[in-house]
$ cat work_17.csv   # CSV, C-alpha atoms
chain,number,residue,atom,x,y,z
A,1,ASP,CA,46.0,16.7,13.4
A,2,TRP,CA,44.0,18.2,10.4
A,3,LEU,CA,42.7,21.1,12.5
A,4,SER,CA,46.2,22.3,13.5
A,5,GLU,CA,47.3,22.1,9.8
A,6,ILE,CA,44.3,24.2,8.7
A,7,ASN,CA,45.0,26.8,11.4
A,8,GLU,CA,48.6,26.9,10.4
A,9,PHE,CA,48.3,27.1,6.6
A,10,CYS,CA,44.9,28.7,6.3
A,11,PRO,CA,44.6,30.8,9.4
A,12,ASN,CA,41.7,33.0,8.4
A,13,VAL,CA,39.6,30.5,6.5
A,14,PRO,CA,36.2,29.7,8.0
A,15,ILE,CA,35.7,26.0,8.9
A,16,VAL,CA,32.5,24.0,8.3
A,17,LEU,CA,32.6,20.6,10.0
A,18,VAL,CA,30.9,18.0,7.8
A,19,GLY,CA,29.7,14.5,9.0
A,20,CYS,CA,29.8,12.1,6.0
A,21,GLN,CA,28.1,8.8,5.2
A,22,ILE,CA,25.2,9.3,7.6
A,23,ASP,CA,23.3,6.6,5.7
A,24,LEU,CA,25.5,4.1,7.5
A,25,ARG,CA,24.1,4.9,10.9
A,26,GLU,CA,21.3,2.4,10.4
A,27,GLU,CA,23.9,-0.4,9.8
A,28,TYR,CA,25.1,0.0,13.4
A,29,TYR,CA,21.8,-1.2,14.7
A,30,ASN,CA,20.3,-4.7,14.6
A,31,GLU,CA,16.7,-5.6,14.2
A,32,ASN,CA,16.1,-5.0,17.9
A,33,ARG,CA,17.6,-1.5,17.7
A,34,LYS,CA,20.6,-2.5,19.7
A,35,VAL,CA,24.1,-1.4,18.7
A,36,ARG,CA,25.9,-4.0,16.7
A,37,ARG,CA,29.3,-5.4,17.8
A,38,ASP,CA,32.2,-6.5,15.7
A,39,GLY,CA,33.7,-10.0,15.6
A,40,GLU,CA,35.6,-9.4,18.8
A,41,GLY,CA,32.5,-8.2,20.7
A,42,GLN,CA,33.5,-4.6,20.6
A,43,GLU,CA,30.7,-2.1,20.3
A,44,LEU,CA,30.7,-0.4,16.9
A,45,ARG,CA,31.0,3.4,17.3
A,46,VAL,CA,28.7,5.8,15.6
A,47,ILE,CA,28.8,9.6,15.9
A,48,THR,CA,25.5,11.3,16.7
A,49,SER,CA,24.4,14.6,15.4
A,50,MET,CA,24.7,16.1,18.9
A,51,GLU,CA,28.3,15.0,19.2
A,52,GLY,CA,29.0,16.6,15.8
A,53,GLU,CA,27.5,19.9,16.8
A,54,ARG,CA,29.4,19.8,20.1
A,55,LEU,CA,32.7,19.2,18.3
A,56,ALA,CA,32.0,22.0,15.8
A,57,LYS,CA,31.6,24.4,18.8
A,58,GLU,CA,34.8,23.2,20.4
A,59,ILE,CA,36.9,23.8,17.3
A,60,GLY,CA,35.2,27.1,16.5
A,61,ALA,CA,33.6,25.9,13.2
A,62,GLU,CA,31.1,28.2,11.5
A,63,ALA,CA,28.6,25.4,11.2
A,64,TYR,CA,28.0,21.7,11.3
A,65,CYS,CA,26.4,19.7,8.5
A,66,GLU,CA,25.7,16.1,7.8
A,67,THR,CA,25.7,14.5,4.3
A,68,SER,CA,25.3,11.2,2.5
A,69,ALA,CA,26.7,10.8,-1.0
A,70,LEU,CA,24.7,7.6,-1.4
A,71,THR,CA,21.2,9.2,-0.7
A,72,GLN,CA,22.2,12.8,-1.6
A,73,GLU,CA,20.8,13.8,1.8
A,74,GLY,CA,22.2,17.2,3.0
A,75,LEU,CA,24.6,17.7,0.1
A,76,ARG,CA,23.0,20.9,-1.1
A,77,ASN,CA,22.8,22.3,2.4
A,78,ALA,CA,26.5,21.5,3.0
A,79,PHE,CA,27.6,23.4,-0.2
A,80,GLU,CA,25.4,26.4,0.5
A,81,THR,CA,26.6,26.5,4.1
A,82,ALA,CA,30.3,26.5,3.0
A,83,ILE,CA,29.6,29.3,0.4
A,84,LEU,CA,27.8,31.4,2.9
A,85,ALA,CA,30.6,30.9,5.5
A,86,GLY,CA,33.1,32.2,3.0
A,87,LEU,CA,30.9,35.2,2.1
A,88,ARG,CA,30.4,36.0,5.7
A,89,LYS,CA,34.1,36.0,6.3
A,90,THR,CA,35.0,38.2,3.3
A,91,ARG,CA,31.9,40.4,3.0
A,92,GLY,CA,30.3,40.3,6.4
A,93,ILE,CA,27.2,38.6,5.2
A,94,PRO,CA,25.3,36.9,8.1
A,95,MET,CA,25.5,33.2,8.3
A,96,LYS,CA,22.0,31.8,7.5
A,97,PRO,CA,22.0,28.9,5.1
A,98,ARG,CA,18.8,28.3,3.3
A,99,ALA,CA,16.8,25.4,4.6
A,100,GLU,CA,16.3,22.4,2.3
A,101,ALA,CA,12.8,22.3,0.9
A,102,THR,CA,10.7,19.5,2.4
A,103,PRO,CA,9.9,16.9,-0.3
A,104,GLU,CA,6.2,16.8,-1.1
A,105,VAL,CA,4.7,13.3,-0.5
A,106,GLU,CA,1.3,12.7,-1.8
A,107,VAL,CA,-0.5,9.9,-0.1
A,108,GLU,CA,-3.2,8.3,-2.2
A,109,LYS,CA,-6.6,8.1,-0.6
A,110,ASN,CA,-7.9,4.6,0.4
A,111,LYS,CA,-10.2,3.4,-2.4
A,112,TYR,CA,-10.9,0.0,-0.9
A,113,VAL,CA,-14.6,0.4,-0.4
A,114,LYS,CA,-15.1,2.0,-3.9
A,115,HIS,CA,-13.1,-0.8,-5.6
A,116,MET,CA,-14.9,-3.6,-3.8
A,117,LYS,CA,-18.3,-2.1,-4.7
A,118,THR,CA,-17.2,-1.6,-8.3
A,119,LEU,CA,-16.1,-5.3,-8.4
A,120,PHE,CA,-19.4,-6.8,-7.0
A,121,LEU,CA,-22.3,-4.4,-7.4
A,122,SER,CA,-24.3,-3.4,-10.5
A,123,VAL,CA,-24.7,0.3,-11.4
A,124,ASN,CA,-28.0,0.2,-13.2
A,125,ASN,CA,-30.4,-2.3,-11.6
A,126,ASP,CA,-33.3,-1.6,-14.1
A,127,ASN,CA,-31.5,-2.5,-17.4
A,128,ASP,CA,-30.2,-6.0,-17.8
A,129,ASN,CA,-28.2,-4.9,-20.8
A,130,SER,CA,-26.2,-2.3,-18.9
A,131,ASP,CA,-23.2,-4.5,-18.2
A,132,CYS,CA,-20.0,-2.5,-17.6
A,133,GLY,CA,-16.4,-3.7,-18.2
A,134,TYR,CA,-16.0,-5.1,-14.8
A,135,GLN,CA,-19.3,-7.0,-15.0
A,136,LEU,CA,-18.3,-8.5,-18.3
A,137,ARG,CA,-15.3,-10.0,-16.6
A,138,SER,CA,-17.5,-11.8,-14.1
A,139,ASP,CA,-19.1,-15.2,-14.8
A,140,VAL,CA,-21.4,-15.5,-11.8
A,141,GLU,CA,-24.4,-13.2,-11.1
A,142,PHE,CA,-26.4,-13.3,-7.9
A,143,ILE,CA,-29.9,-11.9,-8.4
A,144,VAL,CA,-31.3,-10.3,-5.2
A,145,GLU,CA,-34.8,-9.0,-4.6
A,146,GLU,CA,-35.0,-5.7,-2.7
A,147,PRO,CA,-38.0,-3.8,-1.2
A,148,GLY,CA,-40.2,-2.2,-3.8
A,149,ASP,CA,-39.8,-5.1,-6.3
A,150,ARG,CA,-36.4,-3.8,-7.1
A,151,ILE,CA,-33.8,-6.3,-8.5
A,152,SER,CA,-30.1,-6.0,-7.7
A,153,LYS,CA,-27.1,-8.0,-8.9
A,154,VAL,CA,-23.9,-9.0,-7.1
A,155,TYR,CA,-21.2,-10.1,-9.5
A,156,ALA,CA,-18.5,-12.7,-8.7
A,157,HIS,CA,-16.1,-15.1,-10.4
A,158,ARG,CA,-16.3,-18.9,-10.6
A,159,CYS,CA,-12.6,-19.6,-9.9
A,160,ILE,CA,-12.7,-17.6,-6.6
A,161,LEU,CA,-15.9,-19.1,-5.3
A,162,ALA,CA,-15.0,-22.6,-6.2
A,163,SER,CA,-11.6,-22.4,-4.5
A,164,ALA,CA,-13.0,-20.7,-1.4
A,165,ASN,CA,-16.0,-22.9,-0.6
A,166,SER,CA,-16.8,-26.6,-1.2
A,167,LEU,CA,-20.5,-25.9,-1.7
A,168,PHE,CA,-19.9,-23.3,-4.3
A,169,LYS,CA,-17.5,-25.7,-6.0
A,170,LYS,CA,-20.2,-28.4,-6.2
A,171,ILE,CA,-22.7,-25.8,-7.5
A,172,ILE,CA,-20.4,-24.2,-10.1
A,173,ILE,CA,-18.8,-27.4,-11.4
A,174,ASN,CA,-22.1,-29.0,-12.3
A,175,SER,CA,-20.7,-31.4,-14.7
A,176,SER,CA,-20.4,-34.0,-11.9
A,177,GLU,CA,-23.3,-36.1,-10.8
A,178,GLU,CA,-23.3,-34.4,-7.4
A,179,GLY,CA,-23.4,-31.0,-9.1
A,180,ARG,CA,-26.3,-31.8,-11.3
A,181,PHE,CA,-28.2,-33.1,-8.2
A,182,ILE,CA,-27.6,-29.8,-6.4
A,183,TRP,CA,-28.9,-27.8,-9.4
A,184,ASN,CA,-32.1,-30.0,-9.4
A,185,ASP,CA,-32.5,-29.4,-5.7
A,186,ILE,CA,-32.1,-25.7,-6.1
A,187,ASN,CA,-34.6,-25.4,-9.0
A,188,SER,CA,-37.0,-27.6,-7.1
A,189,GLY,CA,-37.0,-25.2,-4.1
A,190,ARG,CA,-35.3,-27.7,-1.8
A,191,VAL,CA,-32.3,-25.6,-0.9
A,192,LYS,CA,-33.1,-22.8,1.6
A,193,GLY,CA,-32.1,-19.4,0.5
A,194,LEU,CA,-31.7,-20.3,-3.2
A,195,ARG,CA,-34.6,-19.9,-5.6
A,196,ALA,CA,-33.1,-20.9,-8.9
A,197,ILE,CA,-29.9,-21.5,-10.8
A,198,ARG,CA,-29.3,-21.4,-14.6
A,199,TYR,CA,-27.0,-20.3,-17.3
A,200,LYS,CA,-27.4,-16.8,-18.7
A,201,GLU,CA,-28.8,-16.6,-22.2
A,202,LYS,CA,-26.3,-15.6,-24.9
A,203,ARG,CA,-23.6,-15.9,-22.3
A,204,LEU,CA,-23.6,-19.6,-21.3
A,205,GLU,CA,-20.3,-19.3,-19.4
A,206,THR,CA,-22.2,-17.1,-16.8
A,207,ILE,CA,-24.2,-18.8,-14.0
A,208,ILE,CA,-27.1,-16.9,-12.6
A,209,ILE,CA,-28.1,-17.7,-9.0
A,210,GLU,CA,-31.5,-16.3,-7.9
A,211,LEU,CA,-31.7,-15.7,-4.1
A,212,GLU,CA,-34.8,-15.7,-1.9
A,213,SER,CA,-36.0,-12.4,-0.6
A,214,THR,CA,-34.8,-13.3,2.9
A,215,ILE,CA,-31.2,-12.7,1.7
A,216,SER,CA,-30.4,-9.0,1.3
A,217,ARG,CA,-27.9,-7.5,-1.1
A,218,ASN,CA,-25.8,-6.4,1.8
A,219,SER,CA,-25.6,-9.9,3.1
A,220,ILE,CA,-24.4,-11.5,-0.2
A,221,TYR,CA,-22.1,-8.5,-0.7
A,222,GLY,CA,-20.6,-9.0,2.7
A,223,LEU,CA,-20.1,-12.7,1.9
A,224,MET,CA,-18.3,-11.9,-1.3
A,225,GLU,CA,-16.1,-9.3,0.4
A,226,PHE,CA,-15.1,-12.0,3.0
A,227,ILE,CA,-14.3,-14.6,0.4
A,228,TYR,CA,-12.3,-12.3,-1.8
A,229,THR,CA,-10.2,-10.8,1.0
$ encode --input "work_17.csv" --output "structure tokens"
Amino acid sequence: DWLSEINEFCPNVPIVLVGCQIDLREEYYNENRKVRRDGEGQELRVITSMEGERLAKEIGAEAYCETSALTQEGLRNAFETAILAGLRKTRGIPMKPRAEATPEVEVEKNKYVKHMKTLFLSVNNDNDNSDCGYQLRSDVEFIVEEPGDRISKVYAHRCILASANSLFKKIIINSSEEGRFIWNDINSGRVKGLRAIRYKEKRLETIIIELESTISRNSIYGLMEFIYT
């Protein structure tokens, strides 16, 4: 019995009861939060904090601490508690271990809306030469008419559109006979909602799709957001 040996050989030394390896507590529970059992079906035993504190009172310990050498949890508090217990015994200093500082956790604000708008929408609708970095990485531009004869652009990428929708695939991959037929239909005004389609000057890898005024920028933006997510 370790307690009787301590009382015999160190009769006036304060005792601090320490519960170790508290990181193993989670291993005693399965995915359903039920206590695990060993190979013989016996319930694995785990000591709770309440049991530790109760035992500390029973043996007359100055304090009860819990630690984990693996995660470093509680180590500093245990050493400080032991030091203060010794000082209290020899110098009469009150037992009041310093609480461990709560770690600061900074949660980054959700930037989903900002990033989605940055991906699809133009910043300057009045200057066609105002392409930003993210716009340069796009190869599809939807031209949208807005009230007041304002023109807006919604940017997208061929690979995403072609893989998400069969109609976009036929439009974008216009090297096929069916694709060329659809381009002719669009430019002839036979496709509802689409006014014209062409390659952009000086950037032939970019396809420009002009939409009719019945389609708003918010509508095409919502469609792109749905396809991309």
$ residues_around --input "work_17.csv" --residues "segment 208-220 of chain A" --least-positions-apart "4" --cutoff "6 Å" --atoms "only C-alpha atoms" --output "ChimeraX atom specification"
/A:140-145,193-199
$ closest_residue --input "work_17.csv" --among "A:Leu24, A:Val154, A:Ala164, A:Val16" --to "Val46 of chain A" --atoms "all atoms listed in the file"
A:Leu24
$ closest_residue --input "work_17.csv" --among "A:Ser4, A:Asn187, A:Thr118, A:Thr229" --to "Tyr155 of chain A" --atoms "only C-alpha atoms"
A:Thr118
$ atom_distance --input "work_17.csv" --atom1 "atom CA of Phe9 of chain A" --atom2 "atom CA of Glu66 of chain A"
25.2 Å
$ residues_around --input "work_17.csv" --residues "Leu17 of chain A" --least-positions-apart "5" --cutoff "12 Å" --atoms "only C-alpha atoms" --output "number ranges by chain"
A: 2-3, 49, 51-67, 78-79, 81-82, 85
$ atom_distance --input "work_17.csv" --atom1 "atom CA of Glu104 of chain A" --atom2 "atom CA of Glu73 of chain A"
15.2 Å
$ atom_distance --input "work_17.csv" --atom1 "atom CA of Arg158 of chain A" --atom2 "atom CA of Glu205 of chain A"
9.7 Å
$ residues_around --input "work_17.csv" --residues "His157 of chain A" --least-positions-apart "4" --cutoff "7 Å" --atoms "all atoms listed in the file" --output "VMD selection string"
chain A and resid 138 to 140 161
$ residues_around --input "work_17.csv" --residues "Gln72 of chain A" --least-positions-apart "4" --cutoff "10 Å" --atoms "only C-alpha atoms" --output "compact mmCIF listing (two decimals) with C-alpha atoms, in the coordinates of the input"
# COMPACT_ATOMS: atom_id res chain seq x y z
CA GLN A 21 28.10 8.80 5.20
CA ASP A 23 23.30 6.60 5.70
CA THR A 67 25.70 14.50 4.30
CA SER A 68 25.30 11.20 2.50
CA ARG A 76 23.00 20.90 -1.10
$ residues_around --input "work_17.csv" --residues "Asn165 of chain A" --least-positions-apart "6" --cutoff "12 Å" --atoms "only C-alpha atoms" --output "PDB file with C-alpha atoms, in the coordinates of the input"
ATOM      1  CA  ARG A 158     -16.300 -18.900 -10.600  1.00  0.00           C
ATOM      2  CA  CYS A 159     -12.600 -19.600  -9.900  1.00  0.00           C
ATOM      3  CA  ILE A 171     -22.700 -25.800  -7.500  1.00  0.00           C
ATOM      4  CA  ILE A 172     -20.400 -24.200 -10.100  1.00  0.00           C
ATOM      5  CA  LEU A 223     -20.100 -12.700   1.900  1.00  0.00           C
ATOM      6  CA  MET A 224     -18.300 -11.900  -1.300  1.00  0.00           C
ATOM      7  CA  PHE A 226     -15.100 -12.000   3.000  1.00  0.00           C
ATOM      8  CA  ILE A 227     -14.300 -14.600   0.400  1.00  0.00           C
ATOM      9  CA  TYR A 228     -12.300 -12.300  -1.800  1.00  0.00           C
TER      10      TYR A 228
END
